[in-house]
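Visitor: File coords.csv follows (CSV, C-alpha atoms and all ligand atoms):
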```csv
chain,number,residue,atom,x,y,z
A,127,MET,CA,0.0,0.0,0.0
A,128,ILE,CA,1.2,3.4,-0.9
A,129,LYS,CA,2.3,5.7,1.9
A,130,LEU,CA,-0.2,8.5,1.6
A,131,VAL,CA,1.6,10.8,3.9
A,132,ASP,CA,4.4,11.1,1.3
A,133,ILE,CA,2.0,12.5,-1.2
A,134,LEU,CA,0.6,15.1,1.2
A,135,LEU,CA,4.0,16.3,2.2
A,136,GLU,CA,4.4,17.3,-1.4
A,137,ALA,CA,6.1,20.6,-1.7
A,138,ASP,CA,6.1,22.3,-5.0
A,139,SER,CA,7.6,25.7,-4.3
A,140,ARG,CA,10.1,27.3,-2.1
A,141,THR,CA,9.7,30.8,-0.7
A,142,PRO,CA,12.7,32.9,0.0
A,143,ARG,CA,13.3,33.7,3.7
A,144,LYS,CA,12.3,37.2,4.6
A,145,LYS,CA,14.6,39.4,6.6
A,146,GLY,CA,14.4,38.5,10.3
A,147,GLN,CA,12.6,35.3,9.6
A,148,ARG,CA,14.1,32.4,11.5
A,149,LYS,CA,15.7,29.5,9.8
A,150,LYS,CA,13.6,26.4,9.7
A,151,SER,CA,10.5,28.5,10.3
A,152,GLY,CA,8.9,26.4,7.7
A,153,LYS,CA,7.7,29.4,5.8
A,154,HIS,CA,10.7,30.0,3.6
A,155,SER,CA,13.7,28.2,2.1
A,156,ASP,CA,17.0,29.6,1.0
A,157,LEU,CA,18.1,28.9,-2.5
A,158,PHE,CA,21.8,28.8,-2.0
A,159,THR,CA,22.3,27.5,1.5
A,160,ASP,CA,21.7,24.0,2.7
A,161,GLU,CA,19.7,24.4,5.9
A,162,ASP,CA,19.1,20.8,6.5
A,163,PRO,CA,22.3,19.0,5.7
A,164,LYS,CA,21.0,15.7,7.0
A,165,GLY,CA,18.4,15.6,4.2
A,166,THR,CA,20.5,17.0,1.4
A,167,ILE,CA,21.2,14.9,-1.6
A,168,HIS,CA,24.9,15.4,-2.3
A,169,GLY,CA,26.7,15.9,-5.6
A,170,LEU,CA,24.0,17.8,-7.5
A,171,GLY,CA,25.2,20.3,-10.1
A,172,PHE,CA,24.1,22.6,-12.8
A,173,LYS,CA,27.3,24.0,-14.5
A,174,ASN,CA,26.7,22.0,-17.6
A,175,ALA,CA,24.7,19.2,-19.2
A,176,THR,CA,26.9,16.5,-17.8
A,177,ALA,CA,26.7,17.8,-14.2
A,178,ALA,CA,22.9,18.0,-14.6
A,179,ARG,CA,22.6,14.4,-15.9
A,180,LYS,CA,24.8,13.1,-13.1
A,181,GLY,CA,22.7,15.0,-10.6
A,182,ILE,CA,19.4,13.5,-11.9
A,183,THR,CA,20.8,10.0,-11.6
A,184,LEU,CA,21.7,10.8,-8.0
A,185,VAL,CA,18.2,12.2,-7.3
A,186,ASN,CA,16.6,9.2,-8.8
A,187,LYS,CA,18.8,6.8,-6.8
A,188,ALA,CA,18.5,8.7,-3.5
A,189,LYS,CA,16.5,7.1,-0.7
A,190,ARG,CA,14.3,10.1,-0.2
A,191,LYS,CA,10.6,10.8,-0.3
A,192,HIS,CA,9.2,11.9,-3.6
A,193,ALA,CA,8.5,15.4,-2.2
A,194,HIS,CA,12.1,15.7,-1.3
A,195,LYS,CA,13.2,14.8,-4.8
A,196,VAL,CA,10.8,17.3,-6.2
A,197,GLN,CA,12.3,19.9,-3.9
A,198,ALA,CA,15.9,19.1,-4.8
A,199,THR,CA,15.2,19.2,-8.5
A,200,LEU,CA,13.3,22.5,-8.2
A,201,VAL,CA,16.2,24.1,-6.4
A,202,MET,CA,18.7,23.0,-9.1
A,203,LYS,CA,16.5,24.4,-11.8
A,204,GLN,CA,16.2,27.7,-9.9
A,205,ARG,CA,19.9,27.9,-9.1
A,206,ALA,CA,20.7,27.3,-12.8
A,207,LYS,CA,18.3,30.1,-13.8
A,208,VAL,CA,19.9,32.5,-11.4
A,209,ALA,CA,23.4,31.5,-12.5
A,210,ILE,CA,22.4,32.1,-16.2
A,211,SER,CA,21.3,35.6,-15.4
A,212,ARG,CA,24.6,36.3,-13.6
A,213,THR,CA,27.0,34.9,-16.1
A,214,LYS,CA,28.7,37.0,-18.7
A,215,ASP,CA,30.8,34.4,-20.5
A,216,PRO,CA,28.8,33.1,-23.4
A,217,GLU,CA,30.3,29.6,-23.3
A,218,LYS,CA,29.5,29.2,-19.6
A,219,LYS,CA,26.0,30.6,-20.2
A,220,LYS,CA,25.4,28.0,-22.9
A,221,ASP,CA,26.5,25.2,-20.5
A,222,LEU,CA,24.2,26.5,-17.8
A,223,GLN,CA,21.3,26.8,-20.2
A,224,ALA,CA,21.8,23.2,-21.2
A,225,ALA,CA,21.7,22.2,-17.5
A,226,PHE,CA,18.7,24.3,-16.9
A,227,LYS,CA,16.8,22.6,-19.7
A,228,ILE,CA,17.7,19.1,-18.3
A,229,TRP,CA,16.7,20.0,-14.7
A,230,SER,CA,13.4,21.6,-16.0
A,231,ALA,CA,12.6,18.5,-17.9
A,232,HIS,CA,13.2,16.3,-14.9
A,233,LEU,CA,11.0,18.5,-12.7
A,234,GLU,CA,8.2,18.1,-15.2
A,235,LYS,CA,8.7,14.3,-15.1
A,236,LEU,CA,8.5,14.4,-11.3
A,237,LYS,CA,5.4,16.6,-11.4
A,238,LYS,CA,3.6,14.0,-13.6
A,239,LYS,CA,4.4,11.4,-11.0
A,240,THR,CA,3.1,13.7,-8.3
A,241,LYS,CA,-0.1,14.0,-10.2
A,242,LYS,CA,-0.5,10.3,-10.5
A,243,MET,CA,0.2,9.8,-6.8
A,244,ASN,CA,-2.4,12.4,-5.9
A,245,GLU,CA,-4.9,10.8,-8.1
A,246,SER,CA,-4.4,7.5,-6.3
A,247,LEU,CA,-5.8,9.2,-3.2
A,248,LEU,CA,-9.1,9.5,-5.0
A,249,VAL,CA,-9.0,5.9,-6.3
A,250,GLU,CA,-12.1,4.0,-5.3
A,251,VAL,CA,-11.8,1.9,-2.3
A,252,SER,CA,-13.3,-1.5,-1.9
A,253,LYS,CA,-15.2,-2.7,1.2
A,254,ARG,CA,-12.0,-4.6,2.2
A,255,ASP,CA,-9.9,-1.4,1.8
A,256,MET,CA,-12.5,0.4,3.9
A,257,GLN,CA,-12.2,-2.0,6.7
A,258,TYR,CA,-8.4,-1.8,6.6
A,259,ILE,CA,-8.5,2.0,6.7
A,260,VAL,CA,-11.0,2.0,9.6
A,261,ASN,CA,-8.8,-0.4,11.6
A,262,LYS,CA,-5.8,1.7,11.1
A,263,VAL,CA,-7.3,5.1,11.7
A,264,TYR,CA,-10.2,4.8,14.1
A,265,PRO,CA,-8.2,4.0,17.2
A,266,HIS,CA,-6.2,7.2,16.7
A,267,ILE,CA,-9.4,9.2,16.2
A,268,VAL,CA,-10.7,7.9,19.5
A,269,LYS,CA,-7.5,8.7,21.2
A,270,ASP,CA,-7.6,12.3,19.9
A,271,LEU,CA,-11.3,13.1,20.3
A,272,GLY,CA,-11.9,11.1,23.5
A,273,GLY,CA,-14.7,8.8,24.4
A,274,ARG,CA,-14.7,5.1,23.7
A,275,ALA,CA,-14.4,3.2,20.4
A,276,VAL,CA,-17.7,2.0,19.2
A,277,LYS,CA,-18.3,-0.7,16.7
A,278,VAL,CA,-17.9,0.4,13.0
A,279,GLU,CA,-20.0,-1.5,10.5
A,280,ILE,CA,-19.6,-1.2,6.8
A,281,HIS,CA,-22.8,-1.6,4.8
A,282,ASN,CA,-23.5,-1.2,1.2
A,283,ASN,CA,-26.0,1.6,1.7
A,284,ILE,CA,-28.5,2.8,4.4
A,285,TYR,CA,-31.6,1.5,2.6
A,286,ARG,CA,-30.3,-2.0,2.2
A,287,ARG,CA,-29.3,-2.0,5.8
A,288,LEU,CA,-32.8,-1.0,6.7
A,289,GLY,CA,-34.3,-3.4,4.2
A,290,ALA,CA,-36.2,-0.6,2.5
A,291,VAL,CA,-38.2,-1.0,-0.6
A,292,GLY,CA,-37.2,1.1,-3.6
A,293,GLU,CA,-33.6,1.3,-2.6
A,294,GLU,CA,-32.3,2.9,-5.8
A,295,ASP,CA,-34.9,5.6,-5.8
A,296,LEU,CA,-34.2,6.5,-2.2
A,297,MET,CA,-30.5,6.6,-2.8
A,298,LYS,CA,-30.9,9.2,-5.5
A,299,ASP,CA,-32.3,11.6,-2.9
A,300,ASN,CA,-30.1,10.7,0.0
A,301,ASN,CA,-27.1,8.4,0.0
A,302,PRO,CA,-25.2,9.3,3.2
A,303,TYR,CA,-21.5,8.4,3.9
A,304,GLY,CA,-22.2,7.3,7.4
A,305,GLU,CA,-24.4,7.6,10.5
A,306,TYR,CA,-24.3,6.9,14.1
A,307,ASP,CA,-26.9,4.6,15.6
A,308,TRP,CA,-27.5,5.8,19.2
A,309,ASP,CA,-29.5,2.7,20.2
A,310,ARG,CA,-27.0,0.1,19.1
A,311,LYS,CA,-24.0,2.4,19.6
A,312,VAL,CA,-22.6,1.6,16.2
A,313,ILE,CA,-21.1,3.7,13.4
A,314,TYR,CA,-22.3,2.7,10.0
A,315,LEU,CA,-20.2,3.5,7.0
A,316,TYR,CA,-21.9,3.2,3.6
A,317,ALA,CA,-19.7,1.8,0.8
A,318,SER,CA,-21.9,2.9,-2.0
A,319,ALA,CA,-21.5,6.5,-1.0
A,320,ILE,CA,-17.9,6.5,0.0
A,321,SER,CA,-15.4,6.4,-2.8
A,322,ASN,CA,-12.1,7.4,-1.4
A,323,VAL,CA,-9.8,7.6,1.7
A,324,GLU,CA,-10.7,11.2,2.5
A,325,GLN,CA,-14.4,10.4,2.8
A,326,ILE,CA,-13.8,7.4,5.1
A,327,ILE,CA,-11.6,9.4,7.5
A,328,ARG,CA,-14.0,12.3,7.5
A,329,SER,CA,-17.0,10.1,8.2
A,330,LEU,CA,-15.2,8.5,11.1
A,331,LEU,CA,-14.4,11.8,12.6
A,332,HIS,CA,-17.9,13.1,12.0
A,333,GLU,CA,-19.7,10.1,13.5
A,334,HIS,CA,-17.3,9.6,16.4
A,335,THR,CA,-18.0,13.2,17.3
A,336,HIS,CA,-21.7,12.3,17.5
A,337,THR,CA,-20.9,9.5,19.9
A,338,LEU,CA,-19.5,12.1,22.3
A,339,GLN,CA,-22.7,14.2,22.2
A,340,ASN,CA,-25.8,14.1,24.2
A,341,ARG,CA,-28.5,12.2,22.4
A,342,LYS,CA,-31.5,14.0,24.0
A,343,LYS,CA,-30.1,17.4,23.2
A,344,PHE,CA,-29.2,16.3,19.7
A,345,GLN,CA,-32.8,15.2,19.1
A,346,ALA,CA,-34.3,18.1,20.9
A,347,GLY,CA,-32.4,20.5,18.6
A,348,TYR,CA,-34.2,19.0,15.6
A,349,ASP,CA,-37.6,18.4,17.3
A,350,SER,CA,-37.8,22.1,18.4
A,351,GLY,CA,-37.6,23.1,14.7
A,352,LYS,CA,-34.9,25.5,15.7
A,353,TYR,CA,-32.2,23.8,13.7
A,354,ASP,CA,-31.8,21.8,10.5
A,355,TYR,CA,-28.8,19.7,9.5
A,356,LYS,CA,-26.8,22.7,8.4
A,357,THR,CA,-27.4,24.8,11.5
A,358,HIS,CA,-27.5,22.2,14.3
A,359,PRO,CA,-24.6,23.0,16.6
A,360,PHE,CA,-23.9,19.3,17.1
A,361,GLU,CA,-23.7,18.8,13.3
A,362,LYS,CA,-21.5,21.8,13.1
A,363,ALA,CA,-19.2,20.3,15.7
A,364,ALA,CA,-19.1,17.0,13.8
A,365,THR,CA,-18.3,18.8,10.5
A,366,LYS,CA,-15.6,20.8,12.2
A,367,ALA,CA,-14.0,17.6,13.4
A,368,GLU,CA,-13.8,16.4,9.9
A,369,MET,CA,-11.3,19.2,9.0
A,370,LYS,CA,-8.5,17.3,10.7
A,371,TRP,CA,-8.8,14.3,8.4
A,372,LYS,CA,-5.3,14.7,6.9
A,373,ASN,CA,-3.7,14.1,10.2
A,374,TYR,CA,-4.7,10.5,10.0
A,375,LEU,CA,-3.2,9.7,6.7
A,376,LYS,CA,0.1,9.0,8.4
A,377,TYR,CA,-1.4,5.9,10.0
A,378,LEU,CA,-2.1,4.2,6.7
B,401,ZN,ZN,-23.9,14.3,11.6
```
Show how you would write the structure in this file as structure tokens.
Ligand SMILES: [Zn+2]
Guide:
Amino acid sequence: MIKLVDILLEADSRTPRKKGQRKKSGKHSDLFTDEDPKGTIHGLGFKNATAARKGITLVNKAKRKHAHKVQATLVMKQRAKVAISRTKDPEKKKDLQAAFKIWSAHLEKLKKKTKKMNESLLVEVSKRDMQYIVNKVYPHIVKDLGGRAVKVEIHNNIYRRLGAVGEEDLMKDNNPYGEYDWDRKVIYLYASAISNVEQIIRSLLHEHTHTLQNRKKFQAGYDSGKYDYKTHPFEKAATKAEMKWKNYLKYL
């Protein structure tokens, strides 16, 4: 299984450090200084085509995350560009331009790979995948949000679970990702609605938040007519909890 966290750590641009901004503040990166020597891929160059090709071989071989390779390649491309603008000697300029072209091409290649990796996040997950993701992620959600782990059941859809007639028609109007059953104390996830990892994690965060809420107040909010789904404070809390979904990718 692909390490999803690598994809999300994707960094596509570097921002120069502003005056007074601390090193490693995370908001900047210097083009010509190596701030993090431990992570640096050594031997990368841009003085000519040969140096660039050698550098690319090193980047490809390096045991670094994809994001790191993108970063290193981008820096080489940018350094070559700056060097071109600073060089007067036409021979040297030509060599630098050749290196720039090679590094640029490599960056494009890596970007294509990034795109593919990102798309894999949206790849449809099977019921078995869903169970795997639930097993990996749910314990951490419980730890972070508090409360106790409840049973998580994966069903095809809500109407089949209820044995409703006219399943398909009903689904056109409402095909929820998940729900919490207060009576049984079970979270249901619906495979026909959920199609990717993000939706599974968000659903778990959402429904687990409901397990922490007071059932009577939850129901009263709706019964009073004061709130609907969008305005109910308990729903808002559950939706807010979903925002942290990316934090759980590292457990996959
Ligand atoms: Zn809800």
Visitor: Give me the chain A side of the contact with ligand ZN 401 (chain B), cut-off 9 Å, one line per residue showing its nearest atom pair and distance in Å at one decimal, counting only C-alpha atoms and all ligand atoms, sorted by chain and residue number, as a Markdown table.
Guide:
```
| residue | atom | partner | partner_atom | distance |
| --- | --- | --- | --- | --- |
| A:Gly304 | CA | B:ZN401 | ZN | 8.3 |
| A:Glu305 | CA | B:ZN401 | ZN | 6.8 |
| A:Tyr306 | CA | B:ZN401 | ZN | 7.8 |
| A:Ser329 | CA | B:ZN401 | ZN | 8.8 |
| A:His332 | CA | B:ZN401 | ZN | 6.1 |
| A:Glu333 | CA | B:ZN401 | ZN | 6.2 |
| A:Thr335 | CA | B:ZN401 | ZN | 8.3 |
| A:His336 | CA | B:ZN401 | ZN | 6.6 |
| A:Tyr355 | CA | B:ZN401 | ZN | 7.6 |
| A:Phe360 | CA | B:ZN401 | ZN | 7.4 |
| A:Glu361 | CA | B:ZN401 | ZN | 4.8 |
| A:Lys362 | CA | B:ZN401 | ZN | 8.0 |
| A:Ala363 | CA | B:ZN401 | ZN | 8.7 |
| A:Ala364 | CA | B:ZN401 | ZN | 5.9 |
| A:Thr365 | CA | B:ZN401 | ZN | 7.3 |
```
Visitor: Rank A:Ile280, A:Leu315, A:Ala206, A:Val201 by their smallest atom-to-atom distance to Ala225 of chain A, using only C-alpha atoms, and report the top residue only.
Guide: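 Of A:Ile280, A:Leu315, A:Ala206, A:Val201, the one nearest Ala225 of chain A is A:Ala206, counting only C-alpha atoms.
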Visitor: For Ile228 of chain A, which of A:Ala178, A:Ile210, A:Ile267, A:Ala346 is the closest residue, counting only C-alpha atoms?
Guide: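 With only C-alpha atoms as the atom set, the closest residue is A:Ala178.
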Visitor: Find the residue from A:Glu324, A:Asp221, A:Glu234, A:Glu279 that sits nearest to Val312 of chain A; use only C-alpha atoms when measuring.
Guide: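 Of the candidates, the smallest distance to Val312 of chain A is held by A:Glu279.
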Visitor: What's the separation between atom CA of Gly165 of chain A and atom CA of Ile182 of chain A, in Å to one decimal place?
Guide: 16.3 Å
Visitor: Using all atoms listed in the file, which residues sit within 12 Å of Val208 of chain A once same-chain residues fewer than 6 positions away are excluded, as a list of chain:residue names?
Guide: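 In the requested form, the answer reads A:Leu157, A:Phe158, A:Phe172, A:Lys173, A:Val201, A:Met202, A:Lys219, A:Leu222, A:Gln223, A:Phe226.
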Visitor: Which residue out of A:Arg179, A:Arg254, A:Lys370, A:Lys298 has the minimum interatomic distance to Ala317 of chain A when all atoms listed in the file are used?
Guide: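 With all atoms listed in the file as the atom set, the closest residue is A:Arg254.
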Visitor: Looking at A:Lys218, A:Arg205, A:Arg286, A:Arg274, which one is nearest to Ser230 of chain A, with distances taken over only C-alpha atoms?
Guide: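 Using only C-alpha atoms, the shortest distance to Ser230 of chain A belongs to A:Arg205.
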Visitor: Between atom CA of Arg310 of chain A and atom CA of Ile327 of chain A, what is the distance, to one decimal in Å?
Guide: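 Going from atom CA of Arg310 of chain A over to atom CA of Ile327 of chain A, I get 21.4 Å.
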Visitor: What gap, in Å, lies between atom CA of Ile259 of chain A and atom CA of Ile326 of chain A?
Guide: 7.7 Å
